[in-house]
file protein_22.txt (compact mmCIF, C-alpha atoms)
# COMPACT_ATOMS: atom_id res chain seq x y z
CA MET L 22 101.06 141.58 157.33
CA THR L 23 102.30 141.10 160.85
CA ALA L 24 104.79 138.50 161.97
CA GLU L 25 101.95 136.82 163.86
CA GLU L 26 99.84 136.67 160.72
CA THR L 27 102.75 135.23 158.80
CA THR L 28 103.19 132.55 161.43
CA SER L 29 99.56 131.58 161.93
CA GLY L 30 97.72 132.84 158.84
CA LYS L 31 96.68 130.83 155.81
CA SER L 32 99.35 132.43 153.69
CA ALA L 33 102.01 130.61 155.71
CA ALA L 34 100.44 127.16 155.29
CA PRO L 35 101.76 124.96 152.46
CA SER L 36 99.43 124.19 149.60
CA GLY L 37 97.77 120.81 149.16
CA ARG L 38 100.11 120.03 146.26
CA GLN L 39 103.12 120.86 148.40
CA GLN L 40 101.80 118.63 151.17
CA ARG L 41 101.30 115.69 148.78
CA ARG L 42 104.54 116.14 146.86
CA ARG L 43 107.08 113.40 147.53
CA ARG L 44 110.55 112.85 146.23
CA PRO L 45 110.95 109.81 143.93
CA ASP L 46 112.95 108.02 146.62
CA ASP L 47 110.53 108.82 149.45
CA PRO L 48 109.49 105.84 151.61
CA GLY L 49 105.95 106.67 150.57
CA ARG L 50 106.67 104.53 147.52
CA ARG L 51 105.97 101.62 149.83
CA ARG L 52 102.35 102.28 148.87
CA ASP L 53 103.22 100.52 145.60
CA PRO L 54 105.32 97.63 146.92
CA VAL L 55 104.94 95.51 143.79
CA GLY L 56 106.11 98.27 141.48
CA THR L 57 108.92 99.26 143.83
CA ARG L 58 110.21 95.69 144.17
CA ARG L 59 110.02 95.25 140.41
CA ALA L 60 112.04 98.43 139.82
CA ILE L 61 114.67 97.40 142.37
CA LEU L 62 115.01 93.88 140.93
CA ALA L 63 115.33 95.22 137.39
CA ALA L 64 118.07 97.63 138.46
CA ALA L 65 119.77 94.89 140.47
CA GLY L 66 119.79 92.55 137.46
CA THR L 67 121.63 95.17 135.43
CA GLU L 68 124.08 95.95 138.25
CA PHE L 69 124.92 92.34 139.09
CA GLY L 70 125.24 91.56 135.40
CA ALA L 71 127.71 94.40 134.89
CA HIS L 72 129.79 93.97 138.06
CA GLY L 73 129.10 90.53 139.56
CA PHE L 74 128.02 90.00 143.14
CA ASP L 75 131.19 91.31 144.78
CA GLY L 76 131.48 94.36 142.52
CA ALA L 77 127.82 95.37 142.65
CA ARG L 78 126.92 98.39 144.77
CA VAL L 79 123.56 98.82 146.46
CA VAL L 80 123.88 102.61 146.17
CA ARG L 81 124.02 102.33 142.36
CA ILE L 82 121.06 99.94 142.37
CA ALA L 83 119.02 102.38 144.47
CA GLU L 84 119.91 105.27 142.20
CA ALA L 85 118.98 103.33 139.05
CA ALA L 86 115.67 102.21 140.59
CA GLY L 87 114.84 105.72 141.82
CA VAL L 88 114.51 104.66 145.44
CA SER L 89 116.38 105.19 148.66
CA HIS L 90 119.02 102.83 149.97
CA GLN L 91 116.78 102.27 152.98
CA LEU L 92 114.00 100.86 150.79
CA ILE L 93 116.31 98.14 149.49
CA THR L 94 117.10 97.22 153.07
CA TYR L 95 113.39 97.32 153.90
CA TYR L 96 112.41 94.93 151.10
CA PHE L 97 115.46 92.68 150.78
CA GLY L 98 117.56 93.10 153.92
CA SER L 99 120.97 93.22 152.23
CA LYS L 100 122.80 92.86 148.95
CA ARG L 101 122.83 89.10 149.44
CA GLY L 102 119.08 89.13 150.07
CA LEU L 103 118.59 91.09 146.88
CA TYR L 104 120.71 88.62 144.91
CA GLU L 105 118.78 85.71 146.35
CA ALA L 106 115.50 87.38 145.39
CA LEU L 107 116.79 87.68 141.83
CA SER L 108 117.69 83.99 141.85
CA ASP L 109 114.23 83.13 143.16
CA GLN L 110 112.65 85.21 140.41
CA TRP L 111 114.70 83.40 137.77
CA LEU L 112 113.85 79.99 139.19
CA GLU L 113 110.15 80.78 139.45
CA THR L 114 110.10 81.97 135.84
CA ALA L 115 112.41 79.51 134.15
CA MET L 116 111.98 76.17 135.88
CA PRO L 117 108.27 75.64 135.20
CA VAL L 118 108.99 76.05 131.48
CA GLY L 119 111.32 73.06 131.54
CA HIS L 120 108.89 70.90 133.49
CA THR L 121 105.69 71.57 131.55
CA LEU L 122 106.73 71.74 127.88
CA PRO L 123 108.36 69.28 125.49
CA TYR L 124 112.10 69.67 125.98
CA ALA L 125 112.75 71.06 122.50
CA GLU L 126 110.12 73.74 123.03
CA ALA L 127 111.40 74.48 126.54
CA VAL L 128 114.93 75.15 125.29
CA ARG L 129 113.52 77.28 122.48
CA ARG L 130 111.77 79.36 125.15
CA TYR L 131 114.98 79.59 127.19
CA VAL L 132 116.75 81.13 124.20
CA TYR L 133 114.09 83.85 124.02
CA MET L 134 114.12 84.39 127.78
CA ALA L 135 117.89 84.84 127.82
CA CYS L 136 117.80 87.35 124.97
CA GLU L 137 114.91 89.28 126.51
CA ASP L 138 116.51 89.49 129.96
CA PRO L 139 120.30 89.43 129.46
CA GLY L 140 120.99 90.71 132.97
CA TRP L 141 120.56 87.33 134.64
CA VAL L 142 122.75 85.64 132.01
CA ARG L 143 125.57 88.10 132.64
CA THR L 144 125.06 87.67 136.38
CA LEU L 145 125.49 83.90 136.11
CA THR L 146 128.56 84.14 133.92
CA ARG L 147 130.22 86.65 136.28
CA GLU L 148 130.07 84.37 139.31
CA GLU L 149 133.52 83.53 140.63
CA PRO L 150 134.66 79.99 139.74
CA GLY L 151 134.91 77.81 142.82
CA THR L 152 133.04 80.30 145.00
CA PRO L 153 129.55 79.22 146.13
CA PRO L 154 127.09 81.83 144.85
CA PRO L 155 124.30 83.26 146.99
CA ALA L 156 121.17 81.06 146.94
CA GLU L 157 123.30 78.12 145.80
CA ASP L 158 121.24 75.55 147.74
CA GLU L 159 117.92 76.68 146.26
CA ARG L 160 119.36 76.70 142.76
CA ALA L 161 120.91 73.27 143.23
CA VAL L 162 117.57 71.78 144.27
CA GLU L 163 115.82 73.16 141.20
CA LEU L 164 118.59 72.09 138.84
CA LEU L 165 118.46 68.58 140.28
CA LYS L 166 114.72 68.52 139.59
CA SER L 167 115.49 69.52 136.02
CA VAL L 168 117.89 66.62 135.57
CA GLN L 169 115.41 64.20 137.14
CA ASP L 170 112.71 65.44 134.78
CA LEU L 171 115.01 64.90 131.82
CA ARG L 172 115.79 61.39 133.04
CA ALA L 173 112.04 60.65 133.10
CA ARG L 174 111.75 61.98 129.56
CA GLN L 175 114.56 59.67 128.51
CA ALA L 176 112.74 56.70 130.06
CA ARG L 177 109.69 57.59 127.98
CA GLY L 178 111.80 57.54 124.82
CA GLU L 179 112.12 61.29 124.32
CA PHE L 180 115.91 60.95 124.32
CA ARG L 181 118.27 58.25 123.20
CA SER L 182 119.21 55.87 125.98
CA ASP L 183 122.95 56.22 125.32
CA LEU L 184 122.98 59.91 126.32
CA ASP L 185 123.91 61.22 129.76
CA VAL L 186 121.08 63.53 130.81
CA GLY L 187 123.36 65.67 132.96
CA ALA L 188 125.58 66.36 129.96
CA VAL L 189 122.53 67.07 127.82
CA SER L 190 121.19 69.53 130.41
CA LEU L 191 124.51 71.35 130.62
CA ALA L 192 124.97 71.47 126.85
CA PHE L 193 121.56 72.95 126.14
CA PHE L 194 121.60 75.34 129.05
CA ALA L 195 124.87 76.67 127.64
CA ALA L 196 123.34 76.76 124.16
CA SER L 197 120.38 78.80 125.37
CA ILE L 198 122.54 81.56 126.89
CA ALA L 199 125.36 81.50 124.32
CA PRO L 200 124.12 84.43 122.16
CA VAL L 201 124.10 86.68 125.24
CA ALA L 202 127.16 85.27 126.99
CA LEU L 203 129.32 85.02 123.84
CA PRO L 204 127.90 87.53 121.36
CA TRP L 205 130.99 88.02 119.22
CA ILE L 206 131.55 84.27 118.89
CA ALA L 207 127.88 83.85 117.98
CA ARG L 208 128.28 86.56 115.36
CA GLU L 209 131.37 84.96 113.82
CA PHE L 210 129.94 81.45 113.77
CA THR L 211 126.62 82.43 112.24
CA GLN L 212 127.51 85.63 110.38
CA GLN L 213 124.40 87.18 111.90
CA ASP L 214 123.77 89.84 114.52
CA PRO L 215 122.96 87.88 117.72
CA ALA L 216 120.94 90.85 119.00
CA SER L 217 118.58 90.80 116.04
CA GLN L 218 115.14 89.23 116.14
CA GLU L 219 115.92 87.33 112.95
CA PHE L 220 118.87 85.65 114.63
CA VAL L 221 116.91 84.77 117.78
CA ASP L 222 114.09 83.23 115.75
CA HIS L 223 116.47 81.23 113.57
CA TYR L 224 118.80 80.15 116.36
CA SER L 225 116.03 79.02 118.71
CA GLU L 226 114.53 76.95 115.89
CA GLN L 227 117.86 75.32 115.13
CA VAL L 228 118.48 74.42 118.78
CA ALA L 229 115.01 72.86 118.96
CA ARG L 230 115.77 70.81 115.83
CA ILE L 231 119.02 69.57 117.34
CA ILE L 232 117.14 68.40 120.42
CA SER L 233 114.57 66.63 118.26
CA ALA L 234 117.41 64.80 116.53
CA LEU L 235 118.50 63.34 119.86
CA ALA L 236 115.42 61.11 119.83
CA GLU L 237 116.74 59.20 116.81
CA ALA L 238 118.27 55.76 117.14
CA PRO L 239 121.79 55.71 118.61
CA VAL L 240 124.75 55.34 116.30
CA LYS L 241 127.34 52.65 116.94
CA ASP L 242 130.70 53.79 118.25
CA GLY L 243 132.99 54.88 115.43
CA ALA L 244 130.20 54.87 112.87
CA VAL L 245 129.77 58.65 112.69
CA ASN L 246 131.66 59.90 109.65
CA GLY L 247 134.04 56.98 110.01
CA PRO L 248 135.73 55.30 107.03
CA ALA L 249 133.99 52.31 105.45
CA GLU L 250 135.40 48.87 106.11
CA ASP L 251 137.47 47.28 103.34
CA GLY L 252 135.25 45.85 100.70
CA GLU L 253 132.14 47.68 101.97
CA PRO L 254 130.69 50.59 100.04
CA GLU L 255 130.37 53.90 101.78
CA GLU L 256 126.80 55.01 102.41
call {"tool": "encode", "arguments": {"input": "protein_22.txt", "output": "structure tokens"}}
result
Amino acid sequence: MTAEETTSGKSAAPSGRQQRRRRPDDPGRRRDPVGTRRAILAAAGTEFGAHGFDGARVVRIAEAAGVSHQLITYYFGSKRGLYEALSDQWLETAMPVGHTLPYAEAVRRYVYMACEDPGWVRTLTREEPGTPPPAEDERAVELLKSVQDLRARQARGEFRSDLDVGAVSLAFFAASIAPVALPWIAREFTQQDPASQEFVDHYSEQVARIISALAEAPVKDGAVNGPAEDGEPEE
């Protein structure tokens, strides 16, 4: 075969498979933008959860997602944009649950959501105290809506009138993420494996029961486990 034949003949042309073959991180993955974004967000949740916002590295996120660094820039603009997209995803998934279900059932669902997607819990708990997190304004608006919704529930009699709804919101948000955020404490308190399905089922049910108990009549100050007055029998 001559050099000319090698240059111009069919034997020198790449095969169809070779022409279609793309590396996993090739920009051609833009043909599946939904799947690509999902893979990047999943990898980002793990990375932010392990290292926090400041310690997270976009290069590691790209490697874990099987995409190029340029694709993350293409879809999200920057590390901050990626973090804000994660926050948006969490808000879009979690907030409707609290607004549409009875509160006890909503918190039960939050327990399951936290255990099924621990990355966002670890991301929240790694945020630097006193430092405004990315997407703080959007989160603040949604959290305020949550408190306002709980205040409306209280007005309808779903909660005792002597309870501060902001404190209730904080307490049960913390309760919903506690098995993920504090696994060894959860294990010691309950003597169960917080990663087990049996624990999640039992714990979520108990949290829901506690919330249901908040609808009972308020107890007078000092009456909870307090000593009986002189001459009065203890109940």
call {"tool": "atom_distance", "arguments": {"input": "protein_22.txt", "atom1": "CA of His72 (chain L)", "atom2": "CA of Leu164 (chain L)"}}
result
24.6 Å
call {"tool": "atom_distance", "arguments": {"input": "protein_22.txt", "atom1": "CA of Gly140 (chain L)", "atom2": "CA of Leu107 (chain L)"}}
result
10.3 Å
call {"tool": "closest_residue", "arguments": {"input": "protein_22.txt", "among": "L:Ala199, L:Val79, L:Val88, L:Ala192", "to": "Thr57 (chain L)", "atoms": "only C-alpha atoms"}}
result
L:Val88
call {"tool": "closest_residue", "arguments": {"input": "protein_22.txt", "among": "L:Leu191, L:Met134, L:Leu203, L:Val80", "to": "Val168 (chain L)", "atoms": "all atoms listed in the file"}}
result
L:Leu191
call {"tool": "closest_residue", "arguments": {"input": "protein_22.txt", "among": "L:Ile232, L:Ala77, L:Ala60, L:Leu171", "to": "Thr121 (chain L)", "atoms": "all atoms listed in the file"}}
result
L:Leu171
call {"tool": "closest_residue", "arguments": {"input": "protein_22.txt", "among": "L:Arg59, L:Thr67, L:Pro54, L:Arg174", "to": "Ala125 (chain L)", "atoms": "all atoms listed in the file"}}
result
L:Arg174
call {"tool": "residues_around", "arguments": {"input": "protein_22.txt", "residues": "region 222-227 of chain L", "least_positions_apart": "4", "cutoff": "12 Å", "atoms": "only C-alpha atoms", "output": "ChimeraX atom specification"}}
result
/L:125-136,193,196-200,207-208,210-218,231-234
